[in-house]
>>> print(open('protein-v4.cif').read())   # mmCIF, C-alpha atoms
data_data
#
loop_
_atom_site.label_atom_id
_atom_site.label_comp_id
_atom_site.auth_asym_id
_atom_site.auth_seq_id
_atom_site.Cartn_x
_atom_site.Cartn_y
_atom_site.Cartn_z
CA MET R 61 37.99 55.89 -60.36
CA ARG R 62 41.62 56.95 -60.25
CA ASP R 63 42.19 56.51 -56.54
CA LEU R 64 40.62 55.46 -53.24
CA SER R 65 39.74 58.97 -52.16
CA LEU R 66 37.35 59.29 -55.12
CA HIS R 67 35.76 55.96 -54.21
CA ILE R 68 35.32 57.22 -50.66
CA LEU R 69 33.65 60.40 -51.89
CA ASP R 70 31.33 58.30 -54.00
CA ILE R 71 30.36 55.79 -51.30
CA VAL R 72 29.83 58.55 -48.73
CA GLN R 73 27.40 60.12 -51.21
CA ASN R 74 25.37 56.92 -50.98
CA SER R 75 25.28 57.27 -47.19
CA ILE R 76 24.11 60.86 -47.48
CA THR R 77 21.42 59.89 -49.98
CA ALA R 78 20.34 57.16 -47.53
CA ASN R 79 19.68 59.91 -44.98
CA ALA R 80 22.57 59.04 -42.69
CA SER R 81 23.26 61.60 -39.98
CA ALA R 82 26.68 60.14 -39.19
CA VAL R 83 29.25 58.52 -41.46
CA THR R 84 32.53 56.95 -40.38
CA VAL R 85 35.39 56.55 -42.82
CA HIS R 86 38.08 54.23 -41.54
CA LEU R 87 41.34 53.65 -43.36
CA GLY R 88 43.79 51.31 -41.72
CA VAL R 89 46.92 49.37 -42.50
CA LYS R 90 46.65 45.89 -41.04
CA ALA R 91 48.59 42.64 -40.66
CA GLU R 92 52.17 43.81 -40.64
CA ASN R 93 51.67 46.40 -43.32
CA SER R 94 50.37 43.99 -45.91
CA TYR R 95 46.71 45.08 -46.13
CA LEU R 96 44.98 48.39 -46.48
CA VAL R 97 41.44 48.27 -45.13
CA LEU R 98 38.74 50.77 -46.03
CA GLU R 99 35.51 50.79 -44.03
CA ILE R 100 32.65 53.17 -44.55
CA ASP R 101 29.93 52.88 -41.98
CA ASP R 102 26.71 54.89 -41.82
CA ASN R 103 23.46 55.07 -39.86
CA GLY R 104 21.28 55.64 -42.90
CA VAL R 105 18.09 53.84 -43.90
CA GLY R 106 19.97 50.68 -44.84
CA MET R 107 18.81 48.06 -47.30
CA ASP R 108 16.67 44.98 -46.98
CA ASN R 109 18.16 41.61 -47.91
CA ASP R 110 16.51 41.59 -51.27
CA PHE R 111 18.07 44.86 -52.34
CA LEU R 112 21.37 44.03 -50.68
CA SER R 113 21.70 40.89 -52.76
CA LYS R 114 21.41 42.91 -55.96
CA VAL R 115 23.39 45.96 -54.95
CA GLU R 116 26.73 44.79 -56.30
CA ASP R 117 25.28 44.35 -59.77
CA PRO R 118 25.58 47.58 -61.77
CA PHE R 119 22.64 46.86 -64.07
CA THR R 120 19.79 45.64 -61.92
CA THR R 121 20.33 48.26 -59.24
CA SER R 122 20.68 51.60 -60.97
CA ARG R 123 17.40 51.18 -62.82
CA ILE R 124 15.33 50.13 -59.83
CA THR R 125 16.29 53.04 -57.67
CA ARG R 126 18.47 56.07 -57.97
CA LYS R 127 20.08 55.27 -54.64
CA ILE R 128 22.94 53.20 -55.95
CA GLY R 129 24.32 52.79 -59.42
CA LEU R 130 27.89 52.15 -60.42
CA GLY R 131 29.52 53.37 -57.22
CA ILE R 132 29.54 50.04 -55.38
CA PRO R 133 30.40 47.84 -58.40
CA LEU R 134 33.32 50.13 -59.23
CA LEU R 135 34.73 49.92 -55.71
CA LYS R 136 34.27 46.17 -55.73
CA GLU R 137 36.10 45.99 -59.04
CA SER R 138 38.96 48.10 -57.67
CA ALA R 139 39.31 45.77 -54.68
CA LEU R 140 39.06 42.52 -56.64
CA LYS R 141 41.44 43.52 -59.41
CA CYS R 142 44.28 43.71 -56.88
CA GLU R 143 43.20 40.46 -55.21
CA GLY R 144 41.58 42.29 -52.35
CA LYS R 145 38.18 41.67 -50.83
CA PHE R 146 34.88 43.49 -50.88
CA ASN R 147 31.91 43.15 -48.56
CA ILE R 148 28.79 45.10 -47.86
CA TYR R 149 26.58 44.69 -44.81
CA SER R 150 23.29 46.40 -44.28
CA LYS R 151 20.24 46.33 -42.04
CA ARG R 152 17.04 48.20 -42.70
CA ASN R 153 16.77 51.28 -40.48
CA ILE R 154 20.13 50.61 -38.88
CA GLY R 155 22.68 51.40 -41.51
CA THR R 156 25.15 50.14 -44.04
CA LYS R 157 28.79 49.19 -43.85
CA VAL R 158 31.07 48.82 -46.84
CA VAL R 159 34.40 47.07 -46.31
CA ALA R 160 37.12 46.78 -48.93
CA THR R 161 40.61 45.42 -48.42
CA PHE R 162 43.59 45.98 -50.67
CA PRO R 163 46.92 44.13 -50.58
CA ILE R 164 49.30 47.07 -50.29
CA ASN R 165 52.04 45.80 -52.54
CA HIS R 166 49.87 44.52 -55.36
CA ILE R 167 50.74 46.31 -58.60
CA ASP R 168 47.07 47.06 -59.34
CA ARG R 169 46.27 48.50 -55.90
CA LEU R 170 44.92 52.04 -56.26
CA PRO R 171 46.81 54.79 -54.45
CA ILE R 172 44.86 56.35 -51.57
CA GLY R 173 44.70 59.71 -53.37
CA ASP R 174 43.78 62.98 -51.77
CA ILE R 175 41.84 61.81 -48.70
CA THR R 176 41.95 65.32 -47.27
CA ASP R 177 40.26 66.81 -50.31
CA THR R 178 37.51 64.21 -50.12
CA MET R 179 36.87 64.85 -46.43
CA ILE R 180 36.86 68.63 -46.88
CA THR R 181 34.47 68.32 -49.81
CA ILE R 182 31.94 66.21 -47.92
CA ILE R 183 32.23 68.23 -44.71
CA ALA R 184 31.84 71.56 -46.52
CA ALA R 185 28.82 70.38 -48.48
CA ASN R 186 27.14 68.71 -45.48
CA PRO R 187 27.92 70.88 -42.47
CA ASN R 188 25.01 69.46 -40.47
CA LYS R 189 26.07 65.84 -40.68
CA ARG R 190 28.59 64.11 -38.48
CA PHE R 191 31.68 62.70 -40.16
CA ILE R 192 34.33 60.66 -38.44
CA LEU R 193 37.67 59.91 -40.06
CA LEU R 194 39.77 57.16 -38.51
CA LEU R 195 43.28 56.41 -39.66
CA ASP R 196 45.55 53.79 -38.18
CA SER R 197 48.77 51.94 -38.83
CA VAL R 198 51.71 50.70 -36.77
CA LYS R 199 52.72 54.35 -36.47
CA GLY R 200 49.63 55.23 -34.46
CA GLU R 201 46.08 56.32 -34.91
CA PHE R 202 44.15 59.45 -35.68
CA LYS R 203 40.52 60.36 -35.18
CA LEU R 204 38.70 63.33 -36.53
CA ASP R 205 35.12 63.75 -35.39
CA THR R 206 33.22 66.73 -36.74
CA GLU R 207 30.99 66.64 -33.68
CA GLU R 208 34.01 67.44 -31.51
CA ILE R 209 35.06 70.13 -33.96
CA ASN R 210 31.59 71.65 -33.80
CA LEU R 211 31.69 71.65 -29.99
CA THR R 212 34.97 73.56 -30.05
CA LEU R 213 33.61 75.93 -32.69
CA ASN R 214 30.68 76.70 -30.44
CA GLY R 215 28.28 78.11 -33.01
CA VAL R 216 30.74 79.04 -35.74
CA ASN R 217 29.87 77.09 -38.87
CA ILE R 218 32.25 74.28 -39.77
CA ASN R 219 32.20 75.33 -43.42
CA GLU R 220 33.75 78.72 -42.74
CA PHE R 221 36.83 78.88 -44.94
CA ALA R 222 39.17 79.55 -42.04
CA VAL R 223 37.94 76.37 -40.35
CA LEU R 224 38.13 74.30 -43.53
CA ASN R 225 41.69 75.46 -44.15
CA TRP R 226 42.66 74.45 -40.65
CA LEU R 227 40.96 71.06 -41.09
CA LYS R 228 42.82 70.56 -44.35
CA GLU R 229 46.20 71.09 -42.69
CA TYR R 230 45.15 68.99 -39.72
CA ILE R 231 44.14 65.98 -41.85
CA ASP R 232 47.11 66.34 -44.21
CA GLU R 233 49.51 66.28 -41.29
CA SER R 234 47.82 63.22 -39.79
CA ILE R 235 47.91 61.27 -43.04
CA LYS R 236 51.63 61.95 -43.22
CA ASN R 237 52.10 60.87 -39.61
CA ILE R 238 50.10 57.68 -39.89
CA PHE R 239 50.80 56.50 -43.44
CA GLY R 240 54.13 58.18 -44.25
CA GLY R 241 56.62 55.42 -44.95
CA VAL R 242 53.87 52.79 -44.59
CA LEU R 243 52.25 53.45 -47.96
CA ASN R 244 54.55 54.20 -50.88
CA GLU R 245 52.46 57.09 -52.13
CA VAL R 246 52.62 59.01 -48.84
CA ASP R 247 55.85 60.85 -48.04
CA SER R 248 57.15 60.40 -44.55
CA MET M 112 51.68 69.16 -34.47
CA LYS M 113 48.36 70.84 -34.96
CA SER M 114 45.95 70.77 -32.09
CA ILE M 115 42.31 71.48 -31.43
CA ALA M 116 43.40 74.47 -29.35
CA GLU M 117 44.26 76.33 -32.55
CA LEU M 118 40.69 75.88 -33.61
CA ASP M 119 39.54 77.97 -30.69
CA GLU M 120 41.59 80.89 -32.00
CA ILE M 121 39.97 80.50 -35.41
CA ARG M 122 36.56 80.43 -33.75
CA LYS M 123 37.19 83.73 -31.99
CA LYS M 124 38.42 85.43 -35.16
CA THR M 125 35.62 84.07 -37.31
CA GLN M 126 32.91 84.98 -34.82
CA GLU M 127 33.83 88.65 -35.11
CA GLN M 128 33.57 88.52 -38.89
CA ILE M 129 30.27 86.66 -38.94
CA SER M 130 28.48 89.29 -36.93
CA LEU M 131 29.04 91.72 -39.82
CA ARG M 132 27.19 89.56 -42.32
CA SER M 133 23.66 89.92 -43.47
CA ASN M 134 21.30 87.01 -43.46
CA THR M 135 19.66 87.48 -46.83
CA ASP M 136 19.45 84.45 -49.04
CA GLY M 137 22.25 84.33 -51.52
CA ILE M 138 23.47 82.40 -54.51
CA ARG M 139 23.81 78.63 -54.27
CA VAL M 140 26.37 76.70 -56.25
CA ILE M 141 25.42 73.03 -56.57
CA VAL M 142 27.92 70.54 -57.91
CA GLY M 143 26.77 67.15 -59.23
CA MET M 144 28.72 64.67 -57.14
CA ALA M 145 27.45 61.23 -58.09
CA THR M 146 29.63 58.45 -59.50
CA CYS M 147 29.47 59.98 -62.98
CA GLY M 148 30.40 63.45 -61.73
CA ILE M 149 33.22 62.24 -59.49
CA ALA M 150 34.71 60.13 -62.29
CA ALA M 151 34.55 63.11 -64.63
CA GLY M 152 36.38 65.36 -62.15
CA ALA M 153 33.72 67.09 -60.06
CA ARG M 154 35.84 67.22 -56.91
CA PRO M 155 38.47 69.64 -58.29
CA VAL M 156 35.64 71.74 -59.71
CA MET M 157 33.96 72.00 -56.31
CA LYS M 158 37.31 72.78 -54.71
CA ALA M 159 37.91 75.55 -57.25
CA PHE M 160 34.52 77.10 -56.47
CA MET M 161 35.21 77.01 -52.73
CA GLU M 162 38.66 78.50 -53.14
CA GLU M 163 37.58 81.27 -55.51
CA ILE M 164 34.68 82.22 -53.26
CA SER M 165 36.93 82.26 -50.22
CA LYS M 166 39.64 84.23 -52.04
CA ARG M 167 37.17 86.92 -53.00
CA ASN M 168 35.60 86.74 -49.56
CA LEU M 169 32.11 86.50 -51.07
CA GLN M 170 29.34 86.41 -48.51
CA ASN M 171 26.04 84.61 -48.98
CA VAL M 172 27.36 82.23 -51.59
CA THR M 173 27.10 78.60 -50.55
CA VAL M 174 28.60 75.59 -52.28
CA SER M 175 26.88 72.25 -51.93
CA MET M 176 26.51 69.02 -53.84
CA THR M 177 23.81 66.85 -55.27
CA GLY M 178 23.45 63.46 -56.92
CA CYS M 179 23.17 62.59 -60.57
CA VAL M 180 21.00 64.99 -62.55
CA GLY M 181 20.71 62.63 -65.49
CA VAL M 182 23.09 64.09 -68.06
CA CYS M 183 26.12 61.97 -67.22
CA ARG M 184 27.74 62.57 -70.60
CA LEU M 185 27.99 66.29 -69.81
CA GLU M 186 29.50 65.90 -66.33
CA PRO M 187 30.85 67.61 -64.31
CA VAL M 188 27.61 69.58 -64.06
CA VAL M 189 27.19 72.65 -61.87
CA GLU M 190 23.96 74.50 -61.19
CA ILE M 191 23.86 78.07 -59.99
CA MET M 192 20.65 78.91 -58.15
CA GLN M 193 20.24 82.62 -58.33
CA LYS M 194 18.70 84.95 -55.79
CA ASP M 195 15.46 85.15 -57.77
CA GLY M 196 15.09 81.36 -57.77
CA SER M 197 16.05 80.86 -61.41
CA ARG M 198 18.91 78.56 -62.23
CA VAL M 199 21.69 78.24 -64.74
CA THR M 200 23.23 74.85 -65.58
CA TYR M 201 26.87 74.72 -66.59
CA VAL M 202 28.27 71.54 -68.12
CA LYS M 203 31.64 69.88 -68.80
CA MET M 204 33.12 71.93 -66.01
CA THR M 205 36.78 72.35 -65.11
CA ALA M 206 38.55 74.25 -62.33
CA GLU M 207 39.46 77.02 -64.83
CA LYS M 208 35.85 77.41 -65.93
CA ALA M 209 34.82 77.54 -62.27
CA ALA M 210 37.10 80.52 -61.68
CA ARG M 211 35.60 82.28 -64.70
CA ILE M 212 32.03 81.61 -63.55
CA VAL M 213 32.77 83.01 -60.11
CA ALA M 214 34.20 86.19 -61.64
CA GLU M 215 31.66 86.74 -64.41
CA HIS M 216 28.44 85.19 -63.17
CA ILE M 217 28.53 85.21 -59.38
CA VAL M 218 30.35 88.50 -58.92
CA ASN M 219 29.16 90.45 -61.97
CA GLY M 220 25.86 88.76 -62.67
CA LYS M 221 26.72 87.98 -66.29
CA VAL M 222 25.90 84.39 -67.26
CA CYS M 223 28.71 82.61 -69.15
CA VAL M 224 26.39 81.56 -71.97
CA ASP M 225 29.02 79.56 -73.88
CA LEU M 226 29.48 77.18 -70.94
CA THR M 227 25.81 76.43 -70.31
CA ILE M 228 23.95 73.25 -71.12
CA GLY M 229 22.06 75.13 -73.85
CA ALA M 230 25.28 75.95 -75.69
CA ALA M 231 26.57 72.40 -75.31
CA GLU M 232 23.38 70.90 -76.74
CA GLU M 233 23.33 73.29 -79.71
CA LYS M 234 26.81 72.22 -80.80
CA LYS M 235 25.65 68.70 -81.52
#
>>> encode(input="protein-v4.cif", output="structure tokens")
Amino acid sequence: MRDLSLHILDIVQNSITANASAVTVHLGVKAENSYLVLEIDDNGVGMDNDFLSKVEDPFTTSRITRKIGLGIPLLKESALKCEGKFNIYSKRNIGTKVVATFPINHIDRLPIGDITDTMITIIAANPNKRFILLLDSVKGEFKLDTEEINLTLNGVNINEFAVLNWLKEYIDESIKNIFGGVLNEVDS
Amino acid sequence: MKSIAELDEIRKKTQEQISLRSNTDGIRVIVGMATCGIAAGARPVMKAFMEEISKRNLQNVTVSMTGCVGVCRLEPVVEIMQKDGSRVTYVKMTAEKAARIVAEHIVNGKVCVDLTIGAAEEKK
């Protein structure tokens, strides 16, 4: 994967396949700007311990079930190659949480990529699911909750193009506000 | 700064337009968005479909995504489910091809045969 936004799109697909009705994507800059933390949390069917122990292995998993293949190993690889960390937590019938941390200044750290495009893609394709995007850094925090958006829209579908265009500008602006100047790849 | 209040304006405008639409089942565009598809560039393809459809203001065309359909080497894969229930599978998609498919297939009903999985398999 070329950047984090593509990893996010991929991992969120797992949540959707696991029948999650709500998925939270959290991207934060921690510890005096040295770490970028990505957390993807869902309320899907989860995994039992047996499956969880095998899920990071690309070969045993993809053959047993179609639920997860290379997505998780690739994200793990992206985190580890820049000396970051990767963890996955899951409970049957409760949900799954994927956490990856990336040292910001490591030369092999992936850029965050087009987070907006990823969010718009998953929202547009899954208008009936709830997605929450959380961004935070020393510059502040931002929360987008599609449930709130749907309340405001009062019956108008969230995947109307006028709404998606507004969301796009809204998220773009927030990424600039929160990560501009904090991450090299985001203009302030 | 953008605010949620702007969204209310969009809601009002959109609500007026929606009431003019019919509810008949339309064409569905389904983009393969598993690891293989994403790595091969499915996101820009899906974006291109959404933008073209919005530009042309096409009603009753929905864009959604699915997992791996099993032909990872031909990703990005897009399926068009037509009104009659039949489907056409396009392979090795790009944003440019998406624009062409919207114009020729979705608008004019003419399948872009050279971009389909059948054409790709024959070339081998």
>>> closest_atom_pairs(input="protein-v4.cif", of="range 118-231 of chain M", to="range 178-192 of chain R", cutoff="9 Å", atoms="only C-alpha atoms", output="JSON lines")
{"residue": "M:Arg154", "atom": "CA", "partner": "R:Thr181", "partner_atom": "CA", "distance": 7.3}
{"residue": "M:Met157", "atom": "CA", "partner": "R:Thr181", "partner_atom": "CA", "distance": 7.5}
{"residue": "M:Lys158", "atom": "CA", "partner": "R:Thr181", "partner_atom": "CA", "distance": 7.2}
{"residue": "M:Met161", "atom": "CA", "partner": "R:Ala184", "partner_atom": "CA", "distance": 8.9}
{"residue": "M:Thr173", "atom": "CA", "partner": "R:Ala185", "partner_atom": "CA", "distance": 8.6}
{"residue": "M:Val174", "atom": "CA", "partner": "R:Ala185", "partner_atom": "CA", "distance": 6.5}
{"residue": "M:Ser175", "atom": "CA", "partner": "R:Ala185", "partner_atom": "CA", "distance": 4.4}
{"residue": "M:Met176", "atom": "CA", "partner": "R:Ala185", "partner_atom": "CA", "distance": 6.0}
>>> resolve_selection(input="protein-v4.cif", expression="the PyMOL selection byres ((chain M) within 7 of (chain R))", output="list in words")
Lys113, Asp119, Ile121, Arg122, Gln126, Ala145, Thr146, Ile149, Ala150, Ser165, Val174, Ser175 and Met176 of chain M
>>> write_last_selection(input="protein-v4.cif", atoms="C-alpha atoms", output="PDB file, keeping the file's coordinate frame")
ATOM      1  CA  LYS M 113      48.360  70.840 -34.960  1.00  0.00           C
ATOM      2  CA  ASP M 119      39.540  77.970 -30.690  1.00  0.00           C
ATOM      3  CA  ILE M 121      39.970  80.500 -35.410  1.00  0.00           C
ATOM      4  CA  ARG M 122      36.560  80.430 -33.750  1.00  0.00           C
ATOM      5  CA  GLN M 126      32.910  84.980 -34.820  1.00  0.00           C
ATOM      6  CA  ALA M 145      27.450  61.230 -58.090  1.00  0.00           C
ATOM      7  CA  THR M 146      29.630  58.450 -59.500  1.00  0.00           C
ATOM      8  CA  ILE M 149      33.220  62.240 -59.490  1.00  0.00           C
ATOM      9  CA  ALA M 150      34.710  60.130 -62.290  1.00  0.00           C
ATOM     10  CA  SER M 165      36.930  82.260 -50.220  1.00  0.00           C
ATOM     11  CA  VAL M 174      28.600  75.590 -52.280  1.00  0.00           C
ATOM     12  CA  SER M 175      26.880  72.250 -51.930  1.00  0.00           C
ATOM     13  CA  MET M 176      26.510  69.020 -53.840  1.00  0.00           C
TER      14      MET M 176
END
>>> residues_around(input="protein-v4.cif", residues="Thr177 in chain M", least_positions_apart="5", cutoff="7 Å", atoms="all atoms listed in the file", output="ChimeraX atom specification")
/M:141-144
>>> residues_near_point(input="protein-v4.cif", point="(41.9, 45.5, -43.4)", cutoff="10 Å", atoms="only C-alpha atoms", output="PyMOL selection string")
chain R and resi 86-91+93-99+144-145+159-163
>>> resolve_selection(input="protein-v4.cif", expression="the PyMOL selection byres ((chain R and resi 149-157) around 7)", output="ChimeraX atom specification")
/R:99-108,147-148,158-159
>>> residues_around(input="protein-v4.cif", residues="Gly200 in chain R", least_positions_apart="4", cutoff="9 Å", atoms="all atoms listed in the file", output="list of chain:residue names")
R:Leu195, R:Asp196, R:Asn237, R:Ile238
>>> write_last_selection(input="protein-v4.cif", atoms="C-alpha atoms", output="short mmCIF file (atom, residue, chain, number, x, y, z; two decimals), in the coordinates of the input")
data_model
loop_
_atom_site.label_atom_id
_atom_site.label_comp_id
_atom_site.auth_asym_id
_atom_site.auth_seq_id
_atom_site.Cartn_x
_atom_site.Cartn_y
_atom_site.Cartn_z
CA LEU R 195 43.28 56.41 -39.66
CA ASP R 196 45.55 53.79 -38.18
CA ASN R 237 52.10 60.87 -39.61
CA ILE R 238 50.10 57.68 -39.89
#
>>> residues_around(input="protein-v4.cif", residues="Glu190 in chain M", least_positions_apart="4", cutoff="8 Å", atoms="all atoms listed in the file", output="MDAnalysis selection string")
chainID M and resid 140:142 198:201
>>> resolve_selection(input="protein-v4.cif", expression="the PyMOL selection byres ((chain M and resi 223-227) around 9)", output="MDAnalysis selection string")
chainID M and resid 199:204 208 211:212 215:216 221:222 228:232
>>> residues_around(input="protein-v4.cif", residues="range 191-196 of chain M", least_positions_apart="5", cutoff="6 Å", atoms="all atoms listed in the file", output="PyMOL selection string")
chain M and resi 137-140
>>> closest_residue(input="protein-v4.cif", among="R:Val72, R:Ala139, R:Leu194, R:Ala80", to="Asp168 in chain R", atoms="all atoms listed in the file")
R:Ala139
>>> atom_distance(input="protein-v4.cif", atom1="CA of Thr205 in chain M", atom2="CA of Val83 in chain R")
28.4 Å
>>> closest_residue(input="protein-v4.cif", among="M:Asn168, M:Ala210, M:Val188, M:Ser197", to="Ala153 in chain M", atoms="all atoms listed in the file")
M:Val188
>>> atom_distance(input="protein-v4.cif", atom1="CA of Val242 in chain R", atom2="CA of Gly152 in chain M")
27.8 Å
>>> atom_distance(input="protein-v4.cif", atom1="CA of Leu170 in chain R", atom2="CA of Gly178 in chain M")
24.3 Å
>>> residues_around(input="protein-v4.cif", residues="Phe239 in chain R", least_positions_apart="4", cutoff="8 Å", atoms="only C-alpha atoms", output="PyMOL selection string")
chain R and resi 196-197+199+235+243+246+248
>>> closest_residue(input="protein-v4.cif", among="R:Asp205, R:Asp63, R:Asp117, R:Glu137", to="Leu193 in chain R", atoms="all atoms listed in the file")
R:Asp205
